[in-house]
Every structure is written in C-alpha cells, then in structure tokens.
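Peer 1: Provided herewith: start-v5.json, JSON, C-alpha atoms.
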```json
[["chain", "number", "residue", "atom", "x", "y", "z"],
["M", 1169, "MET", "CA", -7.03, -22.42, -0.15],
["M", 1170, "ARG", "CA", -3.75, -22.44, 1.72],
["M", 1171, "ILE", "CA", -2.59, -18.90, 2.37],
["M", 1172, "LEU", "CA", 0.72, -17.65, 3.73],
["M", 1173, "ILE", "CA", 0.69, -14.16, 5.25],
["M", 1174, "THR", "CA", 3.68, -12.19, 6.53],
["M", 1175, "ASN", "CA", 3.43, -9.29, 8.97],
["M", 1176, "PRO", "CA", 6.61, -7.83, 10.38],
["M", 1177, "GLU", "CA", 6.00, -5.07, 12.92],
["M", 1178, "THR", "CA", 8.84, -2.60, 12.75],
["M", 1179, "ASP", "CA", 7.10, 0.78, 12.91],
["M", 1180, "ALA", "CA", 3.68, 2.43, 13.07],
["M", 1181, "PHE", "CA", 2.86, 1.68, 9.44],
["M", 1182, "THR", "CA", 3.57, -2.04, 9.72],
["M", 1183, "ARG", "CA", 1.63, -2.05, 13.00],
["M", 1184, "TYR", "CA", -1.33, -0.70, 11.06],
["M", 1185, "LEU", "CA", -0.86, -3.41, 8.42],
["M", 1186, "LEU", "CA", -0.96, -6.05, 11.16],
["M", 1187, "PHE", "CA", -4.27, -4.73, 12.50],
["M", 1188, "TRP", "CA", -5.78, -4.66, 9.03],
["M", 1189, "THR", "CA", -4.47, -8.15, 8.35],
["M", 1190, "ASN", "CA", -6.00, -9.52, 11.53],
["M", 1191, "LYS", "CA", -9.33, -7.98, 10.54],
["M", 1192, "MET", "CA", -9.05, -9.57, 7.08],
["M", 1193, "ILE", "CA", -8.13, -12.96, 8.53],
["M", 1194, "SER", "CA", -11.29, -12.95, 10.63],
["M", 1195, "GLU", "CA", -13.23, -12.53, 7.38],
["M", 1196, "ILE", "CA", -11.47, -15.20, 5.31],
["M", 1197, "LYS", "CA", -10.42, -17.88, 7.79],
["M", 1198, "HIS", "CA", -13.52, -20.04, 7.45],
["M", 1199, "ASN", "CA", -12.80, -21.12, 3.90],
["M", 1200, "ASN", "CA", -9.02, -21.17, 4.04],
["M", 1201, "THR", "CA", -6.01, -22.58, 5.89],
["M", 1202, "ILE", "CA", -3.88, -19.68, 7.00],
["M", 1203, "TYR", "CA", -0.20, -19.62, 7.97],
["M", 1204, "HIS", "CA", 0.47, -16.25, 9.59],
["M", 1205, "LEU", "CA", 4.09, -15.22, 10.14],
["M", 1206, "LYS", "CA", 3.95, -12.26, 12.52],
["M", 1207, "ASN", "CA", 6.64, -10.13, 14.09],
["M", 1208, "LYS", "CA", 9.95, -11.99, 14.44],
["M", 1209, "ASN", "CA", 8.48, -15.01, 12.66],
["M", 1210, "ALA", "CA", 8.29, -12.89, 9.52],
["M", 1211, "ASN", "CA", 11.79, -13.97, 8.52],
["M", 1212, "PRO", "CA", 13.17, -15.67, 5.41],
["M", 1213, "ILE", "CA", 13.85, -19.00, 7.14],
["M", 1214, "LYS", "CA", 10.25, -19.53, 8.29],
["M", 1215, "PHE", "CA", 8.99, -18.03, 5.03],
["M", 1216, "SER", "CA", 11.00, -20.47, 2.94],
["M", 1217, "GLY", "CA", 10.11, -23.33, 5.25],
["M", 1218, "ILE", "CA", 6.39, -22.91, 4.86],
["M", 1219, "LEU", "CA", 6.58, -22.32, 1.12],
["M", 1220, "SER", "CA", 8.65, -25.49, 0.72],
["M", 1221, "LYS", "CA", 6.44, -27.74, 2.83],
["M", 1222, "LYS", "CA", 2.85, -26.57, 2.70],
["M", 1223, "ASP", "CA", 1.69, -26.34, -0.93],
["M", 1224, "ILE", "CA", 0.66, -22.73, -0.53],
["M", 1225, "ASN", "CA", -1.73, -21.25, -3.10],
["M", 1226, "VAL", "CA", -1.69, -17.56, -2.16],
["M", 1227, "VAL", "CA", 1.07, -15.48, -0.57],
["M", 1228, "LEU", "CA", 0.14, -12.17, 1.06],
["M", 1229, "LEU", "CA", 3.18, -10.11, 1.97],
["M", 1230, "ASN", "CA", 3.00, -7.07, 4.21],
["M", 1231, "GLY", "CA", 5.92, -4.82, 5.02],
["M", 1232, "HIS", "CA", 8.22, -2.23, 3.61],
["M", 1233, "GLY", "CA", 9.80, -2.84, 0.25],
["M", 1234, "SER", "CA", 11.63, -1.49, -2.73],
["M", 1235, "ASP", "CA", 11.83, -2.23, -6.44],
["M", 1236, "ASP", "CA", 13.70, -5.45, -5.74],
["M", 1237, "CYS", "CA", 12.65, -6.75, -2.35],
["M", 1238, "VAL", "CA", 10.04, -7.06, 0.36],
["M", 1239, "MET", "CA", 11.11, -6.68, 3.98],
["M", 1240, "GLY", "CA", 10.44, -8.93, 6.95],
["M", 1241, "GLU", "CA", 11.04, -8.18, 10.61],
["M", 1242, "ASN", "CA", 14.84, -7.98, 10.62],
["M", 1243, "GLY", "CA", 15.73, -7.78, 6.97],
["M", 1244, "ILE", "CA", 14.72, -8.89, 3.54],
["M", 1245, "ILE", "CA", 12.15, -11.68, 3.36],
["M", 1246, "LEU", "CA", 11.82, -11.86, -0.43],
["M", 1247, "ASP", "CA", 14.20, -10.89, -3.19],
["M", 1248, "GLN", "CA", 15.84, -12.38, -6.24],
["M", 1249, "GLN", "CA", 17.60, -14.99, -4.06],
["M", 1250, "ASN", "CA", 14.39, -16.80, -3.06],
["M", 1251, "VAL", "CA", 11.78, -15.51, -5.51],
["M", 1252, "SER", "CA", 11.66, -18.94, -7.18],
["M", 1253, "LEU", "CA", 9.85, -20.18, -4.06],
["M", 1254, "LEU", "CA", 6.81, -18.35, -5.43],
["M", 1255, "LYS", "CA", 6.51, -20.73, -8.38],
["M", 1256, "GLY", "CA", 2.88, -21.64, -8.97],
["M", 1257, "LYS", "CA", 1.57, -19.17, -6.40],
["M", 1258, "ILE", "CA", -0.46, -16.01, -6.59],
["M", 1259, "VAL", "CA", 1.27, -13.25, -4.66],
["M", 1260, "HIS", "CA", 0.13, -9.94, -3.27],
["M", 1261, "ALA", "CA", 2.72, -7.56, -1.83],
["M", 1262, "MET", "CA", 1.40, -4.76, 0.38],
["M", 1263, "SER", "CA", 4.71, -2.95, 0.16],
["M", 1264, "CYS", "CA", 6.31, -0.21, -1.84],
["M", 1265, "SER", "CA", 7.44, -0.54, -5.40],
["M", 1266, "SER", "CA", 8.15, -4.28, -5.38],
["M", 1267, "ALA", "CA", 5.88, -4.91, -8.35],
["M", 1268, "LYS", "CA", 8.26, -2.83, -10.46],
["M", 1269, "ASN", "CA", 11.15, -5.29, -10.69],
["M", 1270, "LEU", "CA", 10.56, -8.08, -8.20],
["M", 1271, "GLY", "CA", 7.08, -8.62, -9.59],
["M", 1272, "ASP", "CA", 8.42, -9.25, -13.08],
["M", 1273, "LEU", "CA", 11.14, -11.49, -11.69],
["M", 1274, "ALA", "CA", 8.60, -13.48, -9.70],
["M", 1275, "VAL", "CA", 6.39, -14.08, -12.71],
["M", 1276, "ASN", "CA", 9.35, -14.98, -14.89],
["M", 1277, "SER", "CA", 10.42, -17.42, -12.18],
["M", 1278, "GLY", "CA", 7.06, -19.16, -12.27],
["M", 1279, "ALA", "CA", 4.72, -17.26, -9.98],
["M", 1280, "ARG", "CA", 1.19, -17.26, -11.38],
["M", 1281, "ALA", "CA", 0.81, -13.58, -10.64],
["M", 1282, "TYR", "CA", 2.30, -10.79, -8.57],
["M", 1283, "VAL", "CA", -0.09, -8.06, -7.46],
["M", 1284, "GLY", "CA", 1.43, -5.02, -5.85],
["M", 1285, "TYR", "CA", 2.57, -1.44, -6.24],
["M", 1286, "ASP", "CA", 5.08, -0.36, -8.85],
["M", 1287, "GLU", "CA", 5.86, 2.89, -7.03],
["M", 1288, "PRO", "CA", 6.04, 3.86, -3.34],
["M", 1289, "PHE", "CA", 2.79, 3.30, -1.46],
["M", 1290, "LEU", "CA", 1.73, 6.42, 0.38],
["M", 1291, "ALA", "CA", -0.72, 6.60, 3.25],
["M", 1292, "SER", "CA", -1.72, 9.07, 5.90],
["M", 1293, "ARG", "CA", -2.66, 8.31, 9.46],
["M", 1294, "LEU", "CA", -3.66, 10.20, 12.55],
["M", 1295, "ASP", "CA", -0.93, 10.37, 15.16],
["M", 1296, "ASP", "CA", -3.37, 9.98, 18.06],
["M", 1297, "LYS", "CA", -4.80, 6.68, 16.79],
["M", 1298, "ILE", "CA", -1.59, 4.65, 16.99],
["M", 1299, "SER", "CA", -2.88, 2.62, 19.95],
["M", 1300, "ASN", "CA", -6.10, 1.74, 18.12],
["M", 1301, "PRO", "CA", -5.42, 1.76, 14.39],
["M", 1302, "LEU", "CA", -8.79, 0.36, 13.36],
["M", 1303, "LYS", "CA", -10.40, 3.56, 14.65],
["M", 1304, "ASP", "CA", -8.25, 5.67, 12.33],
["M", 1305, "LYS", "CA", -10.68, 6.77, 9.60],
["M", 1306, "THR", "CA", -7.96, 8.56, 7.66],
["M", 1307, "ALA", "CA", -5.79, 5.47, 7.47],
["M", 1308, "ALA", "CA", -8.87, 3.46, 6.55],
["M", 1309, "LEU", "CA", -9.22, 5.54, 3.38],
["M", 1310, "PHE", "CA", -5.96, 3.94, 2.22],
["M", 1311, "LEU", "CA", -5.89, 0.55, 3.85],
["M", 1312, "ASP", "CA", -9.47, -0.55, 3.24],
["M", 1313, "PRO", "CA", -8.95, -0.45, -0.55],
["M", 1314, "ALA", "CA", -5.45, -1.87, -0.26],
["M", 1315, "PHE", "CA", -6.70, -4.91, 1.62],
["M", 1316, "ILE", "CA", -9.64, -5.49, -0.72],
["M", 1317, "ALA", "CA", -7.15, -6.90, -3.22],
["M", 1318, "GLN", "CA", -5.69, -9.33, -0.66],
["M", 1319, "LYS", "CA", -9.14, -10.45, 0.44],
["M", 1320, "ALA", "CA", -10.27, -10.89, -3.17],
["M", 1321, "LEU", "CA", -7.33, -13.18, -3.92],
["M", 1322, "ALA", "CA", -8.02, -15.17, -0.75],
["M", 1323, "ASN", "CA", -11.58, -15.58, -1.98],
["M", 1324, "GLY", "CA", -10.46, -16.96, -5.32],
["M", 1325, "LYS", "CA", -10.78, -13.91, -7.52],
["M", 1326, "THR", "CA", -8.31, -13.54, -10.38],
["M", 1327, "PRO", "CA", -5.48, -11.00, -10.02],
["M", 1328, "ASP", "CA", -7.13, -8.64, -12.51],
["M", 1329, "GLU", "CA", -10.44, -8.89, -10.65],
["M", 1330, "ALA", "CA", -8.66, -8.23, -7.36],
["M", 1331, "VAL", "CA", -6.99, -5.12, -8.77],
["M", 1332, "GLN", "CA", -10.26, -3.83, -10.21],
["M", 1333, "LEU", "CA", -12.10, -4.39, -6.92],
["M", 1334, "ALA", "CA", -9.35, -2.52, -5.07],
["M", 1335, "ARG", "CA", -9.42, 0.33, -7.59],
["M", 1336, "ASN", "CA", -13.19, 0.61, -7.15],
["M", 1337, "GLU", "CA", -12.66, 0.86, -3.39],
["M", 1338, "TYR", "CA", -9.95, 3.50, -3.91],
["M", 1339, "ASN", "CA", -12.51, 5.45, -5.93],
["M", 1340, "ARG", "CA", -14.93, 5.19, -3.01],
["M", 1341, "SER", "CA", -12.21, 6.48, -0.70],
["M", 1342, "ILE", "CA", -11.48, 9.36, -3.06],
["M", 1343, "LEU", "CA", -15.16, 10.27, -3.19],
["M", 1344, "LYS", "CA", -15.39, 10.00, 0.58],
["M", 1345, "ALA", "CA", -12.37, 12.29, 0.97],
["M", 1346, "LEU", "CA", -13.70, 14.81, -1.56],
["M", 1347, "THR", "CA", -17.10, 14.99, 0.10],
["M", 1348, "SER", "CA", -15.86, 14.85, 3.68],
["M", 1349, "PRO", "CA", -17.35, 17.41, 6.11],
["M", 1350, "ILE", "CA", -15.70, 20.75, 6.58],
["M", 1351, "GLN", "CA", -14.15, 19.69, 9.88],
["M", 1352, "SER", "CA", -12.33, 16.80, 8.22],
["M", 1353, "ASP", "CA", -8.97, 17.20, 6.53],
["M", 1354, "ASP", "CA", -9.31, 14.08, 4.45],
["M", 1355, "ASP", "CA", -9.66, 16.05, 1.20],
["M", 1356, "GLN", "CA", -5.94, 16.77, 1.57],
["M", 1357, "PHE", "CA", -5.19, 13.15, 0.76],
["M", 1358, "VAL", "CA", -7.03, 12.71, -2.53],
["M", 1359, "GLY", "CA", -3.77, 13.01, -4.44],
["M", 1360, "LEU", "CA", -2.15, 10.25, -2.40],
["M", 1361, "LEU", "CA", -5.17, 7.96, -2.85],
["M", 1362, "LEU", "CA", -5.14, 8.55, -6.60],
["M", 1363, "TRP", "CA", -1.42, 7.73, -6.72],
["M", 1364, "ASP", "CA", -1.88, 4.44, -4.87],
["M", 1365, "ARG", "CA", -4.86, 3.52, -7.03],
["M", 1366, "ASN", "CA", -2.98, 4.18, -10.23],
["M", 1367, "HIS", "CA", 0.09, 2.23, -9.14],
["M", 1368, "LEU", "CA", -1.61, -0.98, -8.05],
["M", 1369, "VAL", "CA", -0.83, -3.50, -10.78],
["M", 1370, "ALA", "CA", -1.11, -7.20, -11.48],
["M", 1371, "LYS", "CA", 1.89, -8.77, -13.15],
["M", 1372, "THR", "CA", 1.13, -12.04, -14.90],
["M", 1373, "LYS", "CA", 2.94, -14.14, -17.43],
["M", 1374, "THR", "CA", 2.22, -12.89, -20.93],
["M", 1375, "PRO", "CA", 1.19, -15.87, -23.07],
["L", 487, "MET", "CA", 12.06, 25.45, -6.85],
["L", 488, "ASP", "CA", 10.10, 25.87, -10.06],
["L", 489, "ASP", "CA", 6.52, 27.12, -10.05],
["L", 490, "PHE", "CA", 5.00, 23.68, -9.77],
["L", 491, "GLN", "CA", 7.27, 22.75, -6.88],
["L", 492, "LYS", "CA", 6.26, 25.96, -5.14],
["L", 493, "LEU", "CA", 2.61, 25.04, -5.64],
["L", 494, "VAL", "CA", 3.21, 21.60, -4.13],
["L", 495, "TYR", "CA", 5.10, 23.21, -1.24],
["L", 496, "THR", "CA", 2.22, 25.61, -0.57],
["L", 497, "ARG", "CA", -0.31, 22.78, -0.60],
["L", 498, "TRP", "CA", 1.75, 20.84, 1.93],
["L", 499, "GLN", "CA", 1.98, 23.93, 4.14],
["L", 500, "ALA", "CA", -1.82, 23.80, 4.39],
["L", 501, "LEU", "CA", -1.78, 20.31, 5.93],
["L", 502, "PRO", "CA", -2.88, 20.56, 9.56],
["L", 503, "LYS", "CA", -0.97, 19.07, 12.48],
["L", 504, "GLY", "CA", -1.63, 15.60, 13.78],
["L", 505, "TYR", "CA", -1.00, 13.57, 10.65],
["L", 506, "SER", "CA", 1.90, 11.42, 9.57],
["L", 507, "ILE", "CA", 2.48, 10.39, 6.01],
["L", 508, "SER", "CA", 3.99, 6.99, 5.38],
["L", 509, "ILE", "CA", 6.13, 6.93, 2.26],
["L", 510, "GLY", "CA", 7.58, 3.71, 1.07],
["L", 511, "ASP", "CA", 10.55, 2.28, 2.84],
["L", 512, "ILE", "CA", 11.37, 5.73, 4.25],
["L", 513, "GLY", "CA", 8.83, 5.39, 7.01],
["L", 514, "ALA", "CA", 6.59, 8.12, 8.38],
["L", 515, "ILE", "CA", 7.23, 11.81, 7.88],
["L", 516, "THR", "CA", 5.57, 14.87, 9.35],
["L", 517, "LYS", "CA", 4.38, 17.88, 7.45],
["L", 518, "GLU", "CA", 7.52, 19.75, 8.44],
["L", 519, "GLU", "CA", 9.72, 16.94, 7.15],
["L", 520, "ALA", "CA", 7.75, 16.83, 3.90],
["L", 521, "LEU", "CA", 8.36, 20.54, 3.42],
["L", 522, "GLU", "CA", 12.07, 20.03, 4.05],
["L", 523, "HIS", "CA", 12.21, 17.25, 1.47],
["L", 524, "LEU", "CA", 10.43, 19.46, -1.05],
["L", 525, "LYS", "CA", 12.82, 22.31, -0.37],
["L", 526, "ASN", "CA", 15.80, 19.99, -0.82],
["L", 527, "ASP", "CA", 14.28, 18.39, -3.95],
["L", 528, "ASP", "CA", 15.62, 15.03, -2.75],
["L", 529, "LYS", "CA", 14.29, 11.53, -3.44],
["L", 530, "ILE", "CA", 11.24, 12.00, -1.21],
["L", 531, "GLY", "CA", 10.66, 15.51, -2.47],
["L", 532, "LYS", "CA", 10.60, 14.19, -6.01],
["L", 533, "VAL", "CA", 8.03, 11.52, -5.04],
["L", 534, "LEU", "CA", 5.80, 14.18, -3.48],
["L", 535, "VAL", "CA", 6.04, 16.30, -6.62],
["L", 536, "ALA", "CA", 5.27, 13.26, -8.80],
["L", 537, "VAL", "CA", 2.20, 12.48, -6.67],
["L", 538, "ALA", "CA", 0.94, 16.05, -7.07],
["L", 539, "ARG", "CA", 1.61, 16.03, -10.80],
["L", 540, "ASN", "CA", -0.36, 12.77, -11.11],
["L", 541, "TYR", "CA", -3.24, 14.43, -9.26],
["L", 542, "PHE", "CA", -3.34, 17.58, -11.36],
["L", 543, "ASP", "CA", -2.95, 15.61, -14.60],
["L", 544, "ALA", "CA", -5.98, 13.53, -13.56],
["L", 545, "ILE", "CA", -8.03, 16.67, -12.95],
["L", 546, "LYS", "CA", -6.92, 18.20, -16.26],
["L", 547, "ALA", "CA", -7.78, 15.05, -18.19],
["L", 548, "GLY", "CA", -11.16, 14.71, -16.46],
["L", 549, "GLU", "CA", -10.02, 11.33, -15.24],
["L", 550, "LEU", "CA", -10.43, 12.06, -11.55],
["L", 551, "TYR", "CA", -14.16, 12.68, -11.70],
["L", 552, "ALA", "CA", -14.88, 10.34, -14.62],
["L", 553, "ASN", "CA", -14.14, 7.33, -12.41],
["L", 554, "LEU", "CA", -16.16, 8.51, -9.45],
["L", 555, "ASN", "CA", -19.55, 7.33, -10.57],
["L", 556, "TYR", "CA", -20.96, 6.18, -7.25]]
```
Would you write out, as structure tokens, the structure that this file holds?

Peer 2:
Amino acid sequence: MRILITNPETDAFTRYLLFWTNKMISEIKHNNTIYHLKNKNANPIKFSGILSKKDINVVLLNGHGSDDCVMGENGIILDQQNVSLLKGKIVHAMSCSSAKNLGDLAVNSGARAYVGYDEPFLASRLDDKISNPLKDKTAALFLDPAFIAQKALANGKTPDEAVQLARNEYNRSILKALTSPIQSDDDQFVGLLLWDRNHLVAKTKTP
Amino acid sequence: MDDFQKLVYTRWQALPKGYSISIGDIGAITKEEALEHLKNDDKIGKVLVAVARNYFDAIKAGELYANLNY
C-alpha cells in the first residue's frame, strides 16, 4: 500500500507522536511505500502535492486538531477546503475531535473512511521523559493503543477492525493502569484512557 | 462548583507532580493549571468534568470492568 503520514512537531505532544510514528514505520515499511511529511514538510502544499500525484491508499495524520480541521506545522493541513483530496482513501487522524465534523465531511466528499476522535484526545506524560519519549511508560498507556489503529489500517485491516483492535489495546492499558504497583501513579489516568477509548470512531459512508 | 465538580477538583488535587496532561489543541497543562480550569469552569474545565463523568458512569453501569476480560 501507499501511505502518506504527516508529523508536524510543534510541542511536546507532537514530538511524542513523531517518535511513535517512527516506531510504527519501522514495523510497517517492508510491505508498504511510505511518504512521510515531517516537521516543516507537514504543510498543505506538500500534502496536496503527494495526494494529487501518488495514488495514496491510506492517510495517517498526526497533529493537533479541532472539530473541523487537522493542523500541520505552521497552520491547518486539512479542512473543508481540501478535504476532497481524501476521495477514495482511508484516513486516520491522530488529533483531537476532527472525526466529529471533518470526518463526516471527508466521507461525504468521497473518503472511504475517516477514523479518529470525535472529542479532544487526552494523554498524560512524564515531564522528565521529554528527551526520550519511547521510555515514557505513562505516555505509552495512551499512545500504544492510539497507534494500533494506524498500524492496523497500514496492514490492510478495515476501519472497524482497526478501531476494535485499538479499543482492545486501550482496555489492556486500563487494566495495566488499574493493576499498576503502589509506587506508580498510572491509576490516576484510567478515566482519561476510558475517554479516549470511547471516543475513537470510524466514520464510513452509510450505504 | 457543584458537588460533582468539587469531587473532580479533589481528584485532580491528588495527582502528583511530574506529569503533564495534553488536552486537544490546548496543549499540555499541569495539575495546577487543571485545577484553575476546573475552578473557572471554562472550556477545559468542562472537558475535565465530562471525562470524569464518563468514568464514573462506566463504573456505575459495570461497563468499566465488563470490558476488561484479559
């Protein structure tokens, strides 16, 4: 499959997303052709360019967002102005709330599916792990499940399968947090994990 | 603050130092900032209350533990 991935890096959270994306890419690159727009390349011009020229199958967006847009490095990378570029593609947006309105718009504009969150995505991280995010076990509770959905789509799973696999992984994270040792504070974050799990949705065209 | 908001506030007071919470397009907030948002009952405060309500509803409905069959 041909996969387009965006990764702006504008703050600690998007830095974490970039680390998790790089880890995922190492796991999926052998069977796929990957176009990775990182940092300042995560802009609407390059985004549109690749979508127009490369017959992309799957689009994996990472970055901040809202009900109506997903952000790139220096501004919006996807909104109602260019959502028609997603026609025929399966999309996953690792960003807040965009599945609420933009997801519906994408599907109505021809996207095969839009997987994402229909409310803000919440995550916790340890302040002293910023230089080595992959060692942050608290952040991993949130991001491991979140990236399961992206990886599943890259491996050819359907959107509903991808969401279910991610929800199963969220359940594992919740169980891990609930049964964490007394020295860990991860049980504080069960509510946030449950929220993210419940708000991961797959928007598809209703027949 | 109503009783539920006070409960949410108290739970956030128990969060230890050293964590940041990333919320949507707001970015990262500290525990102290979360408490301020809850006190002000602003957009972020309302999200934090909604998250807590979702959690307690799941416990009440048995949903939280029903799905954890690993």

Peer 1: Restricting the calculation to only C-alpha atoms, which member of M:Phe1289, M:Phe1357, M:Tyr1203, M:Tyr1184 is positioned closest to chain L?

Peer 2: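 Closest to chain L of all the choices is M:Phe1289.
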
Peer 1: Report the distance between atom CA of Asp1354 of chain M and atom CA of Leu1311 of chain M in Å, rounded to one decimal place.

Peer 2: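 Taking atom CA of Asp1354 of chain M as the start and atom CA of Leu1311 of chain M as the end point, the length is 14.0 Å.
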
Peer 1: Can you build me a table of chain L residues sitting at most 9 Å from chain M, with the closest atom pair per residue and its distance in Å to one decimal, using all atoms listed in the file, sorted by chain and residue number, as CSV?

Peer 2:
```
residue,atom,partner,partner_atom,distance
L:Arg497,CA,M:Gln1356,CA,8.5
L:Trp498,CA,M:Gln1356,CA,8.7
L:Ala500,CA,M:Gln1356,CA,8.6
L:Leu501,CA,M:Gln1356,CA,7.0
L:Pro502,CA,M:Asp1353,CA,7.6
L:Gly504,CA,M:Asp1295,CA,5.5
L:Tyr505,CA,M:Leu1294,CA,4.7
L:Ser506,CA,M:Arg1293,CA,5.5
L:Ile507,CA,M:Ser1292,CA,4.4
L:Ser508,CA,M:Ala1291,CA,5.2
L:Ile509,CA,M:Leu1290,CA,4.8
L:Gly510,CA,M:Pro1288,CA,4.7
L:Asp511,CA,M:His1232,CA,5.1
L:Ile512,CA,M:His1232,CA,8.6
L:Gly513,CA,M:Phe1181,CA,7.4
L:Ala514,CA,M:Phe1181,CA,7.5
L:Val533,CA,M:Pro1288,CA,8.1
L:Leu534,CA,M:Leu1360,CA,8.9
L:Ala536,CA,M:Trp1363,CA,8.9
L:Val537,CA,M:Trp1363,CA,6.0
L:Ala538,CA,M:Gly1359,CA,6.2
L:Arg539,CA,M:Gly1359,CA,8.9
L:Asn540,CA,M:Trp1363,CA,6.8
L:Tyr541,CA,M:Gly1359,CA,5.1
L:Phe542,CA,M:Gly1359,CA,8.3
L:Ala544,CA,M:Leu1362,CA,8.6
L:Leu550,CA,M:Leu1362,CA,8.1
L:Tyr551,CA,M:Leu1343,CA,8.9
L:Asn553,CA,M:Asn1339,CA,6.9
L:Leu554,CA,M:Asn1339,CA,5.9
L:Asn555,CA,M:Asn1339,CA,8.6
L:Tyr556,CA,M:Arg1340,CA,7.4
```

Peer 1: What does the distance between atom CA of Leu1346 of chain M and atom CA of Arg1365 of chain M come to in Å, to one decimal place?

Peer 2: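 Computed distance, atom CA of Leu1346 of chain M to atom CA of Arg1365 of chain M, equals 15.3 Å.
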
Peer 1: Would you mind telling me which residue in M:Leu1246, M:Trp1188, M:Val1227, M:Lys1373 lies nearest to Ser1277 of chain M when using only C-alpha atoms?

Peer 2: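 Among M:Leu1246, M:Trp1188, M:Val1227, M:Lys1373, it is M:Lys1373 that comes nearest to Ser1277 of chain M.
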
Peer 1: Find, counting all atoms listed in the file, the residue in M:Ile1245, M:Met1169, M:Ala1317, M:Ala1267 that gets nearest to Lys1208 of chain M.

Peer 2: M:Ile1245

Peer 1: So how many Å separate atom CA of Asn1276 of chain M and atom CA of Thr1326 of chain M, to one decimal?

Peer 2: 18.3 Å

Peer 1: Please identify all polymer residues within 12 Å of Lys492 of chain L, counting only C-alpha atoms, omitting same-chain residues fewer than 2 positions from it, and present them as a list in words.

Peer 2: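 With the cut-off at 12 Å, the set is Met487, Asp488, Asp489, Phe490, Val494, Tyr495, Thr496, Arg497, Trp498, Gln499, Leu521, Leu524, Lys525, Asp527, Gly531, Leu534, Val535 and Ala538 of chain L.
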
Peer 1: Please list as a PyMOL selection string every residue within 6 Å of Pro1176 of chain M, counting all atoms listed in the file and excluding residues in the same chain fewer than 2 positions away.

Peer 2: chain M and resi 1206-1207+1210+1240-1241

Peer 1: Taking all atoms of segment 1356-1359 of chain M that the file lists and extending 6 Å past them on each side, where is the centre of the axis-aligned box and how long are its edges? Answer in Å to one decimal, as AutoDock Vina command-line options.

Peer 2:
```
--center_x -5.4 --center_y 14.7 --center_z -1.4 --size_x 15.3 --size_y 16.1 --size_z 18.0
```

Peer 1: Please identify all polymer residues within 12 Å of Glu1195 of chain M, counting only C-alpha atoms, omitting same-chain residues fewer than 2 positions from it, and present them as a list in words.

Peer 2: Trp1188, Thr1189, Asn1190, Lys1191, Met1192, Ile1193, Lys1197, His1198, Asn1199, Asn1200, Ile1202, Phe1315, Ile1316, Gln1318, Lys1319, Ala1320, Ala1322 and Asn1323 of chain M

Peer 1: Could I see segment 532-537 of chain L restored to all heavy atoms, set down as a PDB file, keeping the file's coordinate frame?

Peer 2:
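Output (selection25.pdb):
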```pdb
ATOM      1  N   LYS L 532      10.964  14.504  -4.620  1.00  0.00           N
ATOM      2  CA  LYS L 532      10.600  14.190  -6.010  1.00  0.00           C
ATOM      3  C   LYS L 532       9.351  13.304  -6.056  1.00  0.00           C
ATOM      4  O   LYS L 532       8.498  13.439  -6.935  1.00  0.00           O
ATOM      5  CB  LYS L 532      11.765  13.506  -6.728  1.00  0.00           C
ATOM      6  CG  LYS L 532      12.921  14.449  -7.052  1.00  0.00           C
ATOM      7  CD  LYS L 532      13.993  13.744  -7.865  1.00  0.00           C
ATOM      8  CE  LYS L 532      15.312  14.489  -7.973  1.00  0.00           C
ATOM      9  NZ  LYS L 532      15.305  15.915  -8.126  1.00  0.00           N
ATOM     10  N   VAL L 533       9.237  12.369  -5.102  1.00  0.00           N
ATOM     11  CA  VAL L 533       8.030  11.520  -5.040  1.00  0.00           C
ATOM     12  C   VAL L 533       6.812  12.392  -4.770  1.00  0.00           C
ATOM     13  O   VAL L 533       5.773  12.246  -5.419  1.00  0.00           O
ATOM     14  CB  VAL L 533       8.171  10.432  -3.956  1.00  0.00           C
ATOM     15  CG1 VAL L 533       6.833   9.742  -3.708  1.00  0.00           C
ATOM     16  CG2 VAL L 533       9.221   9.408  -4.352  1.00  0.00           C
ATOM     17  N   LEU L 534       6.947  13.317  -3.823  1.00  0.00           N
ATOM     18  CA  LEU L 534       5.800  14.180  -3.480  1.00  0.00           C
ATOM     19  C   LEU L 534       5.388  15.041  -4.668  1.00  0.00           C
ATOM     20  O   LEU L 534       4.200  15.277  -4.897  1.00  0.00           O
ATOM     21  CB  LEU L 534       6.161  15.064  -2.277  1.00  0.00           C
ATOM     22  CG  LEU L 534       6.432  14.306  -0.971  1.00  0.00           C
ATOM     23  CD1 LEU L 534       6.862  15.277   0.130  1.00  0.00           C
ATOM     24  CD2 LEU L 534       5.212  13.517  -0.522  1.00  0.00           C
ATOM     25  N   VAL L 535       6.356  15.506  -5.419  1.00  0.00           N
ATOM     26  CA  VAL L 535       6.040  16.300  -6.620  1.00  0.00           C
ATOM     27  C   VAL L 535       5.363  15.407  -7.661  1.00  0.00           C
ATOM     28  O   VAL L 535       4.387  15.820  -8.299  1.00  0.00           O
ATOM     29  CB  VAL L 535       7.313  16.954  -7.187  1.00  0.00           C
ATOM     30  CG1 VAL L 535       7.061  17.543  -8.566  1.00  0.00           C
ATOM     31  CG2 VAL L 535       7.803  18.042  -6.247  1.00  0.00           C
ATOM     32  N   ALA L 536       5.858  14.197  -7.824  1.00  0.00           N
ATOM     33  CA  ALA L 536       5.270  13.260  -8.800  1.00  0.00           C
ATOM     34  C   ALA L 536       3.820  12.932  -8.436  1.00  0.00           C
ATOM     35  O   ALA L 536       2.950  12.849  -9.304  1.00  0.00           O
ATOM     36  CB  ALA L 536       6.089  11.983  -8.881  1.00  0.00           C
ATOM     37  N   VAL L 537       3.568  12.774  -7.136  1.00  0.00           N
ATOM     38  CA  VAL L 537       2.200  12.480  -6.670  1.00  0.00           C
ATOM     39  C   VAL L 537       1.280  13.647  -7.024  1.00  0.00           C
ATOM     40  O   VAL L 537       0.170  13.463  -7.524  1.00  0.00           O
ATOM     41  CB  VAL L 537       2.197  12.229  -5.144  1.00  0.00           C
ATOM     42  CG1 VAL L 537       0.776  12.178  -4.603  1.00  0.00           C
ATOM     43  CG2 VAL L 537       2.921  10.926  -4.822  1.00  0.00           C
TER      44      VAL L 537
END
```
